[in-house]
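Shown next: target.cif, containing mmCIF, C-alpha atoms.
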data_input
#
loop_
_atom_site.label_atom_id
_atom_site.label_comp_id
_atom_site.auth_asym_id
_atom_site.auth_seq_id
_atom_site.Cartn_x
_atom_site.Cartn_y
_atom_site.Cartn_z
CA MET A 1 -93.13 77.69 182.43
CA LYS A 2 -92.62 74.06 183.38
CA ASN A 3 -90.31 73.44 180.43
CA LEU A 4 -88.35 76.59 181.21
CA LEU A 5 -87.86 75.45 184.81
CA PHE A 6 -86.73 72.01 183.57
CA PHE A 7 -84.21 73.46 181.17
CA ALA A 8 -82.90 75.78 183.84
CA SER A 9 -82.52 72.82 186.19
CA LEU A 10 -80.60 70.87 183.59
CA PHE A 11 -78.38 73.82 182.85
CA LEU A 12 -77.58 74.35 186.53
CA LEU A 13 -76.96 70.61 186.97
CA ALA A 14 -74.60 70.57 184.04
CA ASN A 15 -72.67 73.47 185.51
CA THR A 16 -72.29 71.59 188.78
CA LEU A 17 -70.62 68.60 187.03
CA LYS A 18 -66.87 68.70 186.54
CA GLY A 19 -65.53 68.96 182.98
CA GLN A 20 -67.07 69.72 179.63
CA THR A 21 -66.95 66.05 178.59
CA ALA A 22 -69.20 64.98 181.45
CA ASN A 23 -71.76 67.69 180.49
CA GLN A 24 -71.73 66.60 176.89
CA GLU A 25 -72.21 62.87 177.80
CA LEU A 26 -75.10 63.76 180.10
CA PHE A 27 -76.91 65.85 177.45
CA ASP A 28 -76.27 63.16 174.83
CA LEU A 29 -77.83 60.56 177.12
CA LEU A 30 -80.89 62.74 177.71
CA LEU A 31 -81.25 63.27 173.97
CA SER A 32 -80.89 59.53 173.21
CA ASN A 33 -83.60 58.43 175.67
CA GLY A 34 -86.02 61.17 174.53
CA THR A 35 -85.92 63.23 177.67
CA ILE A 36 -85.00 66.38 175.68
CA THR A 37 -85.48 67.40 172.08
CA PRO A 38 -82.66 68.19 169.67
CA GLN A 39 -83.38 71.91 170.06
CA GLU A 40 -83.18 71.58 173.81
CA HIS A 41 -79.94 69.60 173.43
CA ALA A 42 -78.49 72.38 171.28
CA ILE A 43 -79.44 75.01 173.87
CA LEU A 44 -77.85 73.06 176.70
CA THR A 45 -74.64 72.27 174.84
CA GLY A 46 -74.41 75.75 173.23
CA THR A 47 -74.09 74.35 169.75
CA ASP A 48 -76.98 76.37 168.23
CA GLU A 49 -76.21 80.08 168.20
CA ASN A 50 -79.48 80.93 166.40
CA ILE A 51 -81.64 79.81 169.27
CA PRO A 52 -82.33 82.72 171.59
CA GLU A 53 -81.58 82.23 175.21
CA ALA A 54 -84.55 81.98 177.56
CA SER A 55 -85.48 85.29 179.09
CA ALA A 56 -85.25 85.64 182.77
CA PRO A 57 -88.49 85.58 184.72
CA THR A 58 -90.11 88.95 185.20
CA ASN A 59 -90.38 88.47 188.90
CA ASN A 60 -86.54 87.95 189.16
CA VAL A 61 -87.10 84.79 191.24
CA ALA A 62 -84.17 82.25 190.93
CA ILE A 63 -85.25 78.91 189.41
CA LYS A 64 -83.84 75.86 191.12
CA PRO A 65 -84.14 72.23 189.87
CA SER A 66 -86.21 69.98 192.02
CA ALA A 67 -84.55 67.38 194.22
CA SER A 68 -86.13 64.56 192.26
CA ASP A 69 -84.68 65.91 189.00
CA ILE A 70 -81.24 66.22 190.54
CA GLN A 71 -81.49 62.72 191.98
CA SER A 72 -82.61 61.31 188.63
CA ASN A 73 -79.74 63.00 186.85
CA ASN A 74 -77.30 61.81 189.49
CA ASN A 75 -78.61 58.27 189.10
CA GLN A 76 -78.19 58.42 185.34
CA SER A 77 -74.69 59.83 185.73
CA ASN A 78 -73.81 57.07 188.21
CA GLU A 79 -75.23 54.47 185.85
CA LEU A 80 -73.04 55.79 183.04
CA THR A 81 -70.05 55.72 185.33
CA ASN A 82 -70.84 52.17 186.38
CA GLN A 83 -71.22 51.10 182.77
CA ASN A 84 -67.88 52.68 181.91
CA ASN A 85 -66.29 50.92 184.85
CA GLU A 86 -67.86 47.63 183.83
CA LEU A 87 -66.59 48.07 180.28
CA ALA A 88 -63.14 48.85 181.62
CA ASN A 89 -63.25 45.74 183.81
CA GLN A 90 -64.37 43.61 180.88
CA ASN A 91 -61.58 45.06 178.74
CA ASN A 92 -59.05 44.29 181.46
CA GLU A 93 -60.44 40.76 181.74
CA LEU A 94 -60.13 40.31 177.99
CA ILE A 95 -56.54 41.52 178.12
CA SER A 96 -55.84 39.12 180.99
CA ARG A 97 -57.40 36.23 179.09
CA ASN A 98 -55.42 37.11 175.97
CA ILE A 99 -52.25 37.02 178.06
CA GLN A 100 -53.29 33.66 179.50
CA LEU A 101 -54.00 32.30 176.02
CA GLU A 102 -50.63 33.53 174.81
CA ASN A 103 -48.94 31.84 177.76
CA ILE A 104 -50.83 28.63 177.06
CA ASN A 105 -49.82 28.79 173.39
CA ASN A 106 -46.20 29.28 174.42
CA GLU A 107 -46.42 26.33 176.81
CA LEU A 108 -48.03 24.18 174.11
CA SER A 109 -45.32 25.21 171.66
CA ASN A 110 -42.62 24.30 174.17
CA ASP A 111 -44.38 21.02 174.98
CA ASN A 112 -44.66 20.28 171.27
CA GLU A 113 -40.95 20.88 170.73
CA GLU A 114 -40.13 18.70 173.72
CA LEU A 115 -42.45 16.00 172.42
CA LEU A 116 -40.80 16.13 169.00
CA GLU A 117 -37.41 15.76 170.65
CA GLN A 118 -38.66 12.79 172.65
CA VAL A 119 -40.08 11.19 169.49
CA ALA A 120 -36.75 11.72 167.71
CA GLU A 121 -34.89 10.17 170.64
CA LEU A 122 -37.31 7.23 170.69
CA GLN A 123 -36.90 6.68 166.95
CA GLN A 124 -33.12 6.74 167.35
CA ALA A 125 -33.35 4.27 170.22
CA ILE A 126 -35.53 1.97 168.09
CA SER A 127 -33.04 2.24 165.21
CA ASP A 128 -30.14 1.43 167.53
CA LEU A 129 -32.08 -1.50 169.00
CA GLU A 130 -32.86 -2.86 165.54
CA ALA A 131 -29.20 -2.58 164.56
CA SER A 132 -28.15 -4.31 167.78
CA THR A 133 -30.77 -7.01 167.28
CA LEU A 134 -29.58 -7.58 163.70
CA SER A 135 -25.99 -7.83 164.88
CA GLN A 136 -26.96 -10.27 167.62
CA GLN A 137 -29.00 -12.31 165.16
CA ASN A 138 -26.04 -12.48 162.78
CA GLU A 139 -23.83 -13.63 165.65
CA ILE A 140 -26.43 -16.22 166.66
CA ASN A 141 -26.61 -17.46 163.06
CA ARG A 142 -22.81 -17.69 162.92
CA LEU A 143 -22.61 -19.61 166.19
CA THR A 144 -25.50 -21.82 165.12
CA SER A 145 -23.70 -22.60 161.88
CA ILE A 146 -20.54 -23.48 163.80
CA ILE A 147 -22.50 -25.68 166.21
CA GLN A 148 -24.30 -27.40 163.35
CA GLU A 149 -21.00 -28.00 161.58
CA GLN A 150 -19.54 -29.47 164.76
CA GLU A 151 -22.63 -31.60 165.26
CA ASN A 152 -22.43 -32.76 161.64
CA GLN A 153 -18.78 -33.66 162.08
CA GLU A 154 -19.54 -35.48 165.31
CA LEU A 155 -22.42 -37.27 163.60
CA LEU A 156 -20.22 -38.26 160.68
CA ALA A 157 -17.55 -39.45 163.08
CA GLU A 158 -20.13 -41.45 165.01
CA GLN A 159 -21.49 -42.92 161.80
CA ALA A 160 -17.97 -43.81 160.70
CA ARG A 161 -17.35 -45.44 164.07
CA ILE A 162 -20.59 -47.38 163.85
CA GLU A 163 -19.87 -48.37 160.28
CA LEU A 164 -16.39 -49.50 161.29
CA GLU A 165 -17.85 -51.53 164.13
CA ASN A 166 -20.47 -52.95 161.81
CA ALA A 167 -17.88 -53.60 159.12
CA THR A 168 -15.81 -55.71 161.46
CA PRO A 169 -17.30 -59.18 161.59
CA ILE A 170 -17.76 -60.79 164.95
CA PHE A 171 -17.18 -64.11 163.22
CA SER A 172 -15.24 -64.80 160.03
CA VAL A 173 -13.57 -67.66 158.18
CA GLN A 174 -10.60 -67.83 155.83
CA PRO A 175 -11.40 -68.80 152.26
CA ASP A 176 -10.07 -72.03 150.83
CA PHE A 177 -7.20 -71.51 148.40
CA PRO A 178 -8.18 -73.40 145.23
CA ARG A 179 -5.89 -76.41 144.73
CA ARG A 180 -5.47 -75.76 141.02
CA ALA A 181 -4.36 -72.24 141.78
CA VAL A 182 -1.78 -73.54 144.28
CA VAL A 183 -0.46 -76.07 141.76
CA ALA A 184 -0.34 -73.49 139.00
CA GLY A 185 1.12 -70.80 141.28
CA ILE A 186 -1.76 -68.39 140.57
CA THR A 187 -2.40 -65.42 142.86
CA GLY A 188 -5.12 -62.81 142.74
CA TYR A 189 -8.14 -61.33 144.48
CA ALA A 190 -11.92 -61.33 144.49
CA ILE A 191 -14.24 -58.47 145.55
CA VAL A 192 -17.49 -59.62 147.11
CA GLU A 193 -20.50 -57.36 147.66
CA PHE A 194 -23.15 -58.45 150.12
CA VAL A 195 -25.99 -57.25 152.34
CA VAL A 196 -25.77 -57.38 156.14
CA THR A 197 -29.23 -57.99 157.61
CA THR A 198 -30.59 -56.67 160.89
CA ASP A 199 -29.47 -59.83 162.72
CA GLY A 200 -25.92 -59.51 161.33
CA SER A 201 -26.07 -62.37 158.82
CA VAL A 202 -24.90 -62.07 155.19
CA ILE A 203 -27.22 -62.39 152.19
CA ASN A 204 -27.17 -61.62 148.47
CA ALA A 205 -23.42 -62.03 148.14
CA GLU A 206 -21.96 -61.74 144.62
CA ILE A 207 -18.62 -61.20 142.96
CA VAL A 208 -18.27 -57.68 141.60
CA GLU A 209 -14.66 -58.01 140.50
CA SER A 210 -11.99 -60.73 140.48
CA ASP A 211 -8.57 -61.34 138.96
CA PRO A 212 -8.09 -63.71 137.43
CA GLY A 213 -11.75 -64.31 136.76
CA ASN A 214 -13.56 -67.40 138.00
CA VAL A 215 -10.54 -68.64 139.94
CA PHE A 216 -11.25 -67.39 143.43
CA ASP A 217 -14.96 -66.61 143.05
CA ARG A 218 -16.46 -69.73 144.62
CA SER A 219 -14.13 -69.89 147.59
CA SER A 220 -14.75 -66.18 148.28
CA LEU A 221 -18.56 -66.57 148.16
CA ASP A 222 -18.40 -69.63 150.43
CA ALA A 223 -16.25 -67.78 152.94
CA ILE A 224 -18.37 -64.57 153.08
CA ALA A 225 -21.52 -66.61 153.65
CA GLU A 226 -20.06 -67.74 156.98
CA PHE A 227 -19.37 -64.16 158.18
CA GLN A 228 -21.43 -62.80 161.07
CA PHE A 229 -21.74 -59.07 161.93
CA ASN A 230 -23.21 -57.08 164.77
CA PRO A 231 -27.01 -56.69 164.59
CA THR A 232 -28.17 -53.38 163.09
CA SER A 233 -31.40 -51.41 162.90
CA GLU A 234 -31.29 -51.22 159.10
CA PRO A 235 -29.77 -53.55 156.50
CA TYR A 236 -26.73 -52.16 154.70
CA THR A 237 -24.47 -53.16 151.83
CA ARG A 238 -20.72 -53.73 152.17
CA GLN A 239 -17.82 -55.01 150.08
CA PHE A 240 -14.97 -57.24 151.11
CA VAL A 241 -11.75 -57.94 149.22
CA PHE A 242 -10.30 -61.42 149.47
CA ARG A 243 -6.63 -61.46 148.49
CA TYR A 244 -4.93 -64.74 147.54
CA GLY A 245 -1.14 -65.08 147.74
CA LEU A 246 1.02 -68.20 147.88
CA GLU A 247 3.10 -66.80 150.74
CA ALA A 248 0.10 -65.97 152.93
CA THR A 249 -2.71 -68.33 152.14
CA ALA A 250 -3.89 -68.74 155.69
CA SER A 251 -3.72 -65.18 157.08
CA ASN A 252 -4.47 -61.59 156.12
CA THR A 253 -6.92 -62.91 153.57
CA GLY A 254 -9.17 -59.91 153.14
CA THR A 255 -10.07 -56.23 153.75
CA PHE A 256 -13.19 -54.16 153.52
CA ARG A 257 -13.59 -51.26 151.10
CA GLU A 258 -16.26 -48.68 150.50
CA ARG A 259 -18.94 -49.54 148.04
CA ALA A 260 -18.40 -47.64 144.77
CA GLY A 261 -21.71 -47.44 142.92
CA SER A 262 -24.05 -50.22 141.91
CA ILE A 263 -23.01 -53.57 140.51
CA SER A 264 -24.12 -52.59 137.02
CA ASP A 265 -22.12 -49.33 137.22
CA ARG A 266 -18.91 -51.16 138.16
CA ALA A 267 -19.51 -53.76 135.48
CA ALA A 268 -19.83 -50.98 132.92
CA ASP A 269 -16.58 -49.43 134.21
CA ARG A 270 -14.76 -52.74 133.78
CA ARG A 271 -16.07 -53.03 130.24
CA ASN A 272 -14.81 -49.55 129.46
CA GLU A 273 -11.35 -50.45 130.79
#

Mind turning this structure into structure tokens?
Amino acid sequence: MKNLLFFASLFLLANTLKGQTANQELFDLLLSNGTITPQEHAILTGTDENIPEASAPTNNVAIKPSASDIQSNNNQSNELTNQNNELANQNNELISRNIQLENINNELSNDNEELLEQVAELQQAISDLEASTLSQQNEINRLTSIIQEQENQELLAEQARIELENATPIFSVQPDFPRRAVVAGITGYAIVEFVVTTDGSVINAEIVESDPGNVFDRSSLDAIAEFQFNPTSEPYTRQFVFRYGLEATASNTGTFRERAGSISDRAADRRNE
């Protein structure tokens, strides 16, 4: 009798709910938690035609579900509704998060493209800077070469000026014209090579060439020994040409010339001539 009243209560409760789907979910829940048996589930859902319907009570008294049963069923129905709502909220949240992730991915993709463009621009700027630096360096090298050439020319000019000043004696004497040469009417020259010391005096004088030989050598060596030059920081070697002519024995007696190799080299050249 108790089970019959319970089934009747469930049946009436199911009829009070709206929609067949809600009835089915309610009976499925009761079956899953063991509240009703499969046979009872089949009776309530009408899926078992072989199960006879419960006979009405003989006293024709209407069976009503208790308030506690109705409240329990309402609570379970509300819990199912809440769970469905919670699942729907979670699903909506997942959809929202997926949209956010997609937006973030799009932003990252855009940022990545922008970063790649910036890197390309930076690489181009570096390439342009390197090209400009190379061009400037080439120009600097060219200007440096010009400046060095000018400095070298200025240095050579200064050296030539110094050498000219050093080559000019501050004191000189005219060589004696040998008497035998005057009597015989002989003219010629003698080339003397010598070393100018740091105090300007002459040492190591010797004849490197003369014509005719041994005629004007002694007078040329005696004369060059009296020459005095400007003091210098380093000794240097010079040559002086004494020229002897009958028409100008007392003036214009000599000129300097550049040294051309060593004494032995010039002697070998004269032998080859």

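Atom CA of A:Gln83 is found 26.8 Å from atom CA of A:Ile43.
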
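Relative to atom CA of A:Ser201, atom CA of A:Tyr244 is found at 24.1 Å.
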
query = When you draw a straight line from atom CA of A:Ala184 to atom CA of A:Phe227, how long is it in Å?
reply = 28.6 Å

key: Selection dump of the PyMOL selection byres ((chain A and resi 197) around 12), as an MDAnalysis selection string   = chainID A and resid 166 194:196 198:205 227:238

request  = Tell me which residues the PyMOL selection byres ((chain A and resi 209-225) around 9) grabs here, as a PyMOL selection string.
outcome  = chain A and resi 172-178+180-181+186-192+194+201-203+205-208+226-228+240-242+244+266-267+270

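Residue neighbourhood of stretch 73-76 of chain A, excluding near-sequence residues (fewer than 2 positions): Leu10, Leu13, Leu26, Leu29, Ser68, Asp69, Ile70, Gln71, Asn78, Glu79, Leu80 and Thr81 of chain A, at 9 Å, using only C-alpha atoms.
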